[in-house]
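Student: Pasting protein.cif below, which is mmCIF, C-alpha atoms and all ligand atoms.
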data_target
#
loop_
_atom_site.label_atom_id
_atom_site.label_comp_id
_atom_site.auth_asym_id
_atom_site.auth_seq_id
_atom_site.Cartn_x
_atom_site.Cartn_y
_atom_site.Cartn_z
CA MET A 15 16.65 -48.63 24.53
CA LYS A 16 16.29 -45.65 22.22
CA LYS A 17 18.98 -45.29 19.55
CA ILE A 18 20.01 -41.83 18.39
CA GLY A 19 22.65 -41.09 15.74
CA ILE A 20 24.85 -38.02 15.99
CA LEU A 21 26.41 -36.70 12.79
CA GLY A 22 28.82 -33.82 13.25
CA GLY A 23 30.64 -31.91 10.55
CA THR A 24 31.22 -28.52 9.02
CA PHE A 25 28.53 -29.07 6.37
CA ASP A 26 29.94 -26.28 4.27
CA PRO A 27 27.67 -26.99 2.43
CA VAL A 28 25.62 -30.10 3.25
CA HIS A 29 25.50 -32.53 0.29
CA TYR A 30 24.08 -35.90 -0.78
CA GLY A 31 27.07 -37.71 0.79
CA HIS A 32 25.97 -36.47 4.24
CA ILE A 33 22.30 -37.25 3.67
CA ALA A 34 23.05 -40.76 2.39
CA LEU A 35 25.32 -41.38 5.39
CA ALA A 36 22.53 -40.38 7.80
CA GLU A 37 19.81 -42.34 6.02
CA ASP A 38 21.94 -45.46 5.66
CA ALA A 39 22.71 -45.29 9.39
CA VAL A 40 19.00 -45.10 10.24
CA ARG A 41 18.25 -48.21 8.17
CA GLU A 42 21.35 -50.20 9.05
CA ALA A 43 21.32 -49.63 12.82
CA GLY A 44 17.59 -49.10 13.34
CA LEU A 45 18.07 -45.58 14.69
CA HIS A 46 15.08 -43.55 15.83
CA GLU A 47 16.64 -40.36 14.62
CA VAL A 48 19.86 -38.74 13.41
CA VAL A 49 20.84 -35.34 14.80
CA MET A 50 23.09 -33.38 12.46
CA ILE A 51 25.26 -30.88 14.34
CA PRO A 52 27.15 -28.22 12.40
CA ALA A 53 30.45 -27.34 14.06
CA ARG A 54 31.36 -23.87 15.12
CA ILE A 55 34.27 -22.66 13.01
CA GLN A 56 36.69 -20.19 14.51
CA PRO A 57 35.53 -16.80 13.30
CA PHE A 58 38.99 -15.79 12.10
CA LYS A 59 39.02 -18.75 9.76
CA GLN A 60 35.97 -17.49 7.95
CA ASP A 61 36.73 -15.73 4.74
CA ARG A 62 34.38 -15.70 1.79
CA LYS A 63 35.36 -19.20 0.74
CA TYR A 64 33.32 -20.43 3.68
CA ALA A 65 29.76 -19.92 4.86
CA SER A 66 28.69 -18.59 8.27
CA GLY A 67 27.25 -20.84 10.96
CA GLU A 68 23.81 -19.41 10.29
CA ASP A 69 24.01 -20.20 6.55
CA ARG A 70 25.33 -23.71 7.22
CA PHE A 71 22.51 -24.31 9.70
CA ASN A 72 19.87 -22.97 7.29
CA MET A 73 21.12 -25.21 4.49
CA LEU A 74 21.02 -28.24 6.79
CA ALA A 75 17.48 -27.38 7.86
CA LEU A 76 16.44 -27.20 4.20
CA ALA A 77 18.12 -30.53 3.44
CA ALA A 78 16.55 -32.22 6.48
CA GLY A 79 13.15 -30.58 6.02
CA LYS A 80 11.53 -33.41 4.12
CA ASP A 81 13.22 -36.19 6.06
CA ASP A 82 11.37 -37.61 9.07
CA HIS A 83 14.55 -39.16 10.46
CA ILE A 84 16.85 -36.15 10.48
CA THR A 85 16.89 -33.16 12.81
CA VAL A 86 19.46 -30.37 13.04
CA SER A 87 20.93 -29.04 16.27
CA LYS A 88 22.36 -25.57 16.94
CA TYR A 89 24.16 -26.82 20.03
CA GLU A 90 27.76 -26.37 18.81
CA LEU A 91 27.00 -23.11 17.03
CA GLU A 92 25.71 -21.70 20.31
CA GLN A 93 28.83 -22.54 22.32
CA GLU A 94 31.24 -19.78 23.23
CA SER A 95 34.20 -21.51 21.66
CA VAL A 96 34.91 -24.31 19.23
CA SER A 97 33.25 -27.36 20.70
CA TYR A 98 34.85 -30.75 21.11
CA THR A 99 32.90 -33.85 20.15
CA TYR A 100 33.25 -35.38 23.62
CA LEU A 101 31.59 -32.30 25.16
CA THR A 102 28.77 -32.39 22.62
CA LEU A 103 28.17 -36.07 23.25
CA ARG A 104 28.20 -35.58 27.03
CA HIS A 105 25.55 -32.90 26.55
CA MET A 106 23.44 -35.06 24.22
CA GLN A 107 23.65 -38.06 26.55
CA GLU A 108 22.45 -35.91 29.41
CA PHE A 109 19.70 -34.44 27.26
CA TYR A 110 18.36 -37.78 26.02
CA GLY A 111 18.94 -39.67 29.26
CA SER A 112 20.49 -42.97 30.20
CA ASP A 113 17.89 -45.08 28.35
CA THR A 114 19.26 -43.72 25.05
CA ARG A 115 22.28 -45.20 23.29
CA LEU A 116 24.18 -42.64 21.22
CA TYR A 117 25.75 -43.68 17.90
CA PHE A 118 28.38 -41.33 16.53
CA ILE A 119 28.29 -41.45 12.73
CA THR A 120 31.37 -40.68 10.63
CA GLY A 121 32.89 -41.36 7.26
CA THR A 122 35.99 -43.54 7.09
CA ASP A 123 38.26 -40.49 6.67
CA SER A 124 37.24 -39.00 10.03
CA PHE A 125 37.24 -42.35 11.84
CA LEU A 126 40.85 -43.06 10.85
CA LYS A 127 41.90 -39.89 12.69
CA ILE A 128 39.80 -40.56 15.81
CA ASP A 129 42.84 -41.28 18.01
CA THR A 130 43.90 -37.65 17.66
CA TRP A 131 40.56 -36.30 18.89
CA MET A 132 40.33 -34.76 22.34
CA ASN A 133 39.41 -37.42 24.91
CA ALA A 134 39.31 -40.16 22.28
CA GLU A 135 39.25 -42.78 25.01
CA GLU A 136 36.04 -41.38 26.49
CA LEU A 137 34.45 -41.27 23.05
CA LEU A 138 35.41 -44.81 22.13
CA THR A 139 34.43 -46.22 25.52
CA ASN A 140 31.09 -44.51 26.11
CA TYR A 141 29.53 -44.38 22.65
CA ALA A 142 28.84 -46.64 19.70
CA PHE A 143 30.07 -45.75 16.21
CA ILE A 144 28.60 -46.12 12.75
CA ILE A 145 31.11 -45.82 9.94
CA GLY A 146 30.18 -45.19 6.32
CA THR A 147 32.82 -45.96 3.71
CA ARG A 148 33.90 -43.07 1.57
CA PRO A 149 35.68 -43.23 -1.80
CA GLY A 150 39.45 -43.20 -1.51
CA TYR A 151 39.67 -45.01 1.82
CA ARG A 152 42.12 -47.87 2.14
CA GLN A 153 40.44 -51.03 3.29
CA ASP A 154 43.53 -52.52 4.96
CA GLU A 155 44.20 -49.31 6.87
CA TYR A 156 40.57 -49.16 8.01
CA ARG A 157 40.52 -52.80 9.07
CA GLN A 158 43.69 -52.38 11.14
CA ALA A 159 42.36 -49.27 12.87
CA LEU A 160 39.07 -51.00 13.57
CA GLU A 161 40.76 -54.05 15.05
CA ARG A 162 43.05 -51.98 17.26
CA ILE A 163 40.21 -49.77 18.51
CA THR A 164 37.72 -52.52 19.25
CA LYS A 165 40.41 -54.53 21.04
CA THR A 166 41.61 -51.58 23.12
CA TYR A 167 38.30 -49.99 24.04
CA GLY A 168 35.66 -52.66 23.34
CA THR A 169 33.89 -50.12 21.13
CA GLU A 170 30.67 -51.15 19.39
CA VAL A 171 31.28 -50.30 15.72
CA ILE A 172 28.86 -50.82 12.86
CA SER A 173 30.62 -50.68 9.48
CA MET A 174 28.40 -49.84 6.55
CA HIS A 175 29.53 -50.78 3.08
CA LYS A 176 27.04 -48.98 0.92
CA THR A 177 27.19 -47.39 -2.47
CA GLU A 178 29.88 -44.77 -2.07
CA LEU A 179 29.14 -41.23 -3.13
CA ASP A 180 32.22 -39.42 -4.38
CA ILE A 181 31.16 -35.99 -3.14
CA SER A 182 32.93 -33.53 -0.83
CA ALA A 183 32.07 -30.01 0.28
CA THR A 184 35.51 -28.89 -0.88
CA GLU A 185 34.72 -30.05 -4.41
CA ILE A 186 31.39 -28.21 -4.30
CA ARG A 187 32.97 -24.93 -3.11
CA GLU A 188 35.61 -25.15 -5.84
CA LYS A 189 33.07 -25.91 -8.53
CA ILE A 190 30.82 -23.01 -7.53
CA ALA A 191 33.81 -20.65 -7.48
CA ALA A 192 34.69 -21.84 -10.98
CA GLY A 193 31.09 -21.53 -12.20
CA ALA A 194 30.76 -25.29 -12.80
CA PRO A 195 27.40 -27.07 -12.26
CA VAL A 196 26.76 -28.74 -8.90
CA ASP A 197 23.05 -29.57 -9.10
CA ASP A 198 23.51 -33.35 -8.86
CA LEU A 199 25.54 -33.07 -5.63
CA MET A 200 22.98 -31.65 -3.19
CA PRO A 201 19.22 -31.20 -2.69
CA PRO A 202 17.74 -28.49 -4.94
CA GLU A 203 16.59 -26.42 -1.92
CA VAL A 204 20.20 -26.16 -0.75
CA LEU A 205 21.44 -25.11 -4.18
CA ARG A 206 18.73 -22.46 -4.36
CA TYR A 207 19.84 -21.09 -0.97
CA ILE A 208 23.48 -20.96 -2.13
CA THR A 209 22.53 -19.10 -5.29
CA GLU A 210 20.20 -16.66 -3.54
CA HIS A 211 22.82 -15.81 -0.93
CA GLY A 212 25.76 -15.73 -3.32
CA LEU A 213 27.74 -18.25 -1.25
CA TYR A 214 31.13 -19.69 -2.26
CA ARG A 215 31.56 -17.41 -5.26
CA VAL A 216 34.79 -15.94 -3.80
P1 LIG B 301 35.16 -30.78 3.36
O1 LIG B 301 35.35 -31.20 1.93
O2 LIG B 301 34.88 -29.30 3.53
O3 LIG B 301 36.25 -31.27 4.27
P2 LIG B 301 33.20 -32.89 3.79
O4 LIG B 301 32.47 -33.05 2.49
O5 LIG B 301 34.24 -33.91 4.13
O6 LIG B 301 33.80 -31.42 3.89
P3 LIG B 301 32.25 -32.70 6.53
O7 LIG B 301 31.25 -31.70 6.97
O8 LIG B 301 33.65 -32.50 6.92
O9 LIG B 301 32.12 -32.80 4.91
O10 LIG B 301 31.76 -34.16 6.88
C1 LIG B 301 30.98 -34.51 8.00
C2 LIG B 301 30.96 -36.02 8.12
O11 LIG B 301 30.38 -36.61 6.94
C3 LIG B 301 32.35 -36.66 8.26
O12 LIG B 301 32.26 -37.72 9.18
C4 LIG B 301 32.65 -37.18 6.87
O13 LIG B 301 33.50 -38.31 6.91
C5 LIG B 301 31.26 -37.57 6.37
N1 LIG B 301 31.14 -37.48 4.92
C6 LIG B 301 31.23 -36.38 4.16
N2 LIG B 301 31.07 -36.66 2.86
C7 LIG B 301 30.86 -38.00 2.76
C8 LIG B 301 30.64 -38.92 1.67
N3 LIG B 301 30.62 -38.51 0.40
N4 LIG B 301 30.46 -40.22 1.99
C9 LIG B 301 30.50 -40.65 3.29
N5 LIG B 301 30.72 -39.85 4.35
C10 LIG B 301 30.90 -38.53 4.10
#
Please go through the file and, once you have read it, give me the structure as structure tokens.

Tutor:
Amino acid sequence: MKKIGILGGTFDPVHYGHIALAEDAVREAGLHEVVMIPARIQPFKQDRKYASGEDRFNMLALAAGKDDHITVSKYELEQESVSYTYLTLRHMQEFYGSDTRLYFITGTDSFLKIDTWMNAEELLTNYAFIIGTRPGYRQDEYRQALERITKTYGTEVISMHKTELDISATEIREKIAAGAPVDDLMPPEVLRYITEHGLYRV
């Protein structure tokens, strides 16, 4: 059985927290590959604080360029409307075939909200999950959610307790707007792209 990880997000911009999450998942769960899928953001939400889908994809491609385990998919960017995770996973399952097990990778913050996602039951029943802890999460809250979900849906969940990287894209956008340094938060190729394209300067 082939194991493929799916890591969705806005990646606005991609940073070391995302890369570490993907690489840890490869090692921990023995994945063949992680596919990073930037989400389509509703066009009317895009002001200059945010980057376009094309820029977010380009930055991901630069970040994944040197990594044999990570690929980047345009699937959600190419959809007509904002894509739901269950639709993306249905597509990926069909694409890779029934001899592939899909592992949806998230940070603890996203996983704690999973019940509110469209067709959460389908997600939690049909796919495995890999959760990476993220600074600020409450362990008791996470444990309770995990227990409830695995009991209700029988979901296969792999919890990774790795070194936590206290990085968020929000922090990066704010720092760039304020002219503060961000070079230790993302790969140098990504920072170069941001500078060259004048992103996040507001
Ligand atoms: P923003 O600050 O704009 O909300 P973000 O940094 O949280 O962005 P997303 O693109 O929303 O980044 O994240 C995609 C996925 O990566 C989510 O599942 C999120 O939980 C996870 N993630 C992001 N940053 C980290 C981190 N530092 N450690 C672990 N997981 C992370």

Student: Calculated over all atoms listed in the file, which of the candidates A:Tyr89, A:Trp131, A:Tyr100, A:Phe143 has the smallest distance to Arg115 (chain A)?

Tutor: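 Of the candidates, the smallest distance to Arg115 (chain A) is held by A:Phe143.
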
Student: Do you have, as a Markdown table, the list of residues of chain A lying at most 10 Å from ligand LIG 301 (chain B), each with its nearest atom pair and that distance in Å to one decimal, counting all atoms listed in the file and ordered by chain then number?

Tutor:
| residue | atom | partner | partner_atom | distance |
| --- | --- | --- | --- | --- |
| A:Leu21 | CA | B:LIG301 | C2 | 6.6 |
| A:Gly22 | CA | B:LIG301 | C1 | 5.7 |
| A:Gly23 | CA | B:LIG301 | O7 | 3.6 |
| A:Thr24 | CA | B:LIG301 | O7 | 3.8 |
| A:Phe25 | CA | B:LIG301 | O7 | 3.8 |
| A:Asp26 | CA | B:LIG301 | O2 | 5.8 |
| A:Pro27 | CA | B:LIG301 | O7 | 7.5 |
| A:Val28 | CA | B:LIG301 | O7 | 6.9 |
| A:His29 | CA | B:LIG301 | O4 | 7.3 |
| A:Tyr30 | CA | B:LIG301 | N3 | 7.1 |
| A:Gly31 | CA | B:LIG301 | N3 | 3.7 |
| A:His32 | CA | B:LIG301 | O11 | 5.2 |
| A:Ile33 | CA | B:LIG301 | C7 | 8.6 |
| A:Ala34 | CA | B:LIG301 | N4 | 7.4 |
| A:Leu35 | CA | B:LIG301 | C9 | 5.6 |
| A:Ala36 | CA | B:LIG301 | O11 | 8.8 |
| A:Met50 | CA | B:LIG301 | C1 | 9.1 |
| A:Ile51 | CA | B:LIG301 | C1 | 9.3 |
| A:Pro52 | CA | B:LIG301 | O7 | 7.6 |
| A:Ala53 | CA | B:LIG301 | O7 | 8.4 |
| A:Tyr64 | CA | B:LIG301 | O2 | 9.0 |
| A:Arg70 | CA | B:LIG301 | O7 | 9.9 |
| A:Phe118 | CA | B:LIG301 | O12 | 9.1 |
| A:Ile119 | CA | B:LIG301 | O12 | 6.5 |
| A:Thr120 | CA | B:LIG301 | O12 | 3.4 |
| A:Gly121 | CA | B:LIG301 | O13 | 3.1 |
| A:Thr122 | CA | B:LIG301 | O13 | 5.8 |
| A:Asp123 | CA | B:LIG301 | O13 | 5.2 |
| A:Ser124 | CA | B:LIG301 | O13 | 4.9 |
| A:Phe125 | CA | B:LIG301 | O12 | 7.3 |
| A:Leu126 | CA | B:LIG301 | O13 | 9.6 |
| A:Ile144 | CA | B:LIG301 | O12 | 9.8 |
| A:Ile145 | CA | B:LIG301 | N5 | 8.2 |
| A:Gly146 | CA | B:LIG301 | C9 | 5.5 |
| A:Thr147 | CA | B:LIG301 | C9 | 5.8 |
| A:Arg148 | CA | B:LIG301 | N4 | 4.5 |
| A:Pro149 | CA | B:LIG301 | N4 | 7.1 |
| A:Met174 | CA | B:LIG301 | C9 | 10.0 |
| A:Lys176 | CA | B:LIG301 | C9 | 9.3 |
| A:Thr177 | CA | B:LIG301 | N4 | 9.1 |
| A:Glu178 | CA | B:LIG301 | N4 | 6.1 |
| A:Leu179 | CA | B:LIG301 | N3 | 4.7 |
| A:Asp180 | CA | B:LIG301 | N3 | 5.1 |
| A:Ile181 | CA | B:LIG301 | N3 | 4.4 |
| A:Ser182 | CA | B:LIG301 | O4 | 3.4 |
| A:Ala183 | CA | B:LIG301 | O4 | 3.8 |
| A:Thr184 | CA | B:LIG301 | O1 | 3.6 |
| A:Glu185 | CA | B:LIG301 | O1 | 6.5 |
| A:Ile186 | CA | B:LIG301 | O1 | 8.0 |
| A:Arg187 | CA | B:LIG301 | O2 | 8.2 |
| A:Glu188 | CA | B:LIG301 | O1 | 9.9 |
| A:Leu199 | CA | B:LIG301 | N3 | 9.6 |

Student: Quick one: residues within 10 Å of Ile84 (chain A), all atoms listed in the file, excluding same-chain residues fewer than 3 positions away - as a PyMOL selection string?

Tutor: chain A and resi 19-21+33+36-37+40+46-50+74-75+77-81

Student: Next, dump the selected residues to file, keeping only C-alpha atoms, as a short mmCIF file (atom, residue, chain, number, x, y, z; two decimals), in the frame of the given file.

Tutor:
data_model
loop_
_atom_site.label_atom_id
_atom_site.label_comp_id
_atom_site.auth_asym_id
_atom_site.auth_seq_id
_atom_site.Cartn_x
_atom_site.Cartn_y
_atom_site.Cartn_z
CA GLY A 19 22.65 -41.09 15.74
CA ILE A 20 24.85 -38.02 15.99
CA LEU A 21 26.41 -36.70 12.79
CA ILE A 33 22.30 -37.25 3.67
CA ALA A 36 22.53 -40.38 7.80
CA GLU A 37 19.81 -42.34 6.02
CA VAL A 40 19.00 -45.10 10.24
CA HIS A 46 15.08 -43.55 15.83
CA GLU A 47 16.64 -40.36 14.62
CA VAL A 48 19.86 -38.74 13.41
CA VAL A 49 20.84 -35.34 14.80
CA MET A 50 23.09 -33.38 12.46
CA LEU A 74 21.02 -28.24 6.79
CA ALA A 75 17.48 -27.38 7.86
CA ALA A 77 18.12 -30.53 3.44
CA ALA A 78 16.55 -32.22 6.48
CA GLY A 79 13.15 -30.58 6.02
CA LYS A 80 11.53 -33.41 4.12
CA ASP A 81 13.22 -36.19 6.06
#

Student: Give me the residues within 6 Å of Thr139 (chain A) as a list in words, counting all atoms listed in the file and dropping any in the same chain fewer than 4 places off.

Tutor: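 Using all atoms listed in the file, the neighbours found are Glu135, Tyr167 and Thr169 of chain A.
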
Student: Between CA of Thr102 (chain A) and CA of Thr85 (chain A), what is the distance in Å, rounded to a tenth?

Tutor: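 CA of Thr85 (chain A) lies 15.4 Å from CA of Thr102 (chain A).
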
Student: Which distance in Å separates CA of Ala134 (chain A) and CA of Gly44 (chain A), to one decimal?

Tutor: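 Calculated distance between CA of Ala134 (chain A) and CA of Gly44 (chain A) is 25.1 Å.
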
Student: Between CA of Ile190 (chain A) and CA of Asp38 (chain A), what distance in Å does the model show, to one decimal?

Tutor: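 Here the two named atoms are 27.5 Å from each other.
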
Student: Step by step: start from the point (17.7, -47.6, 27.4) in the file's coordinates, keep every protein, DNA or RNA residue that has an atom no farther than 8 Å from it, count all atoms listed in the file, and write the set as a list in words.

Tutor: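 Within the cut-off we find Met15, Lys16, Ser112, Asp113, Thr114 and Arg115 of chain A.
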
Student: Identify which of the residues A:Leu103, A:Ala43, A:Ile18, A:Ala65 lies closest to Leu138 (chain A), counting only C-alpha atoms when measuring atom-to-atom distances.

Tutor: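 Checking each of A:Leu103, A:Ala43, A:Ile18, A:Ala65 against Leu138 (chain A), counting only C-alpha atoms, the winner is A:Leu103.
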
Student: Of the residues A:His175, A:Thr164, A:Val96, A:Asn133, which is the one nearest to Tyr151 (chain A), using only C-alpha atoms?

Tutor: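 Of A:His175, A:Thr164, A:Val96, A:Asn133, the one nearest Tyr151 (chain A), counting only C-alpha atoms, is A:His175.
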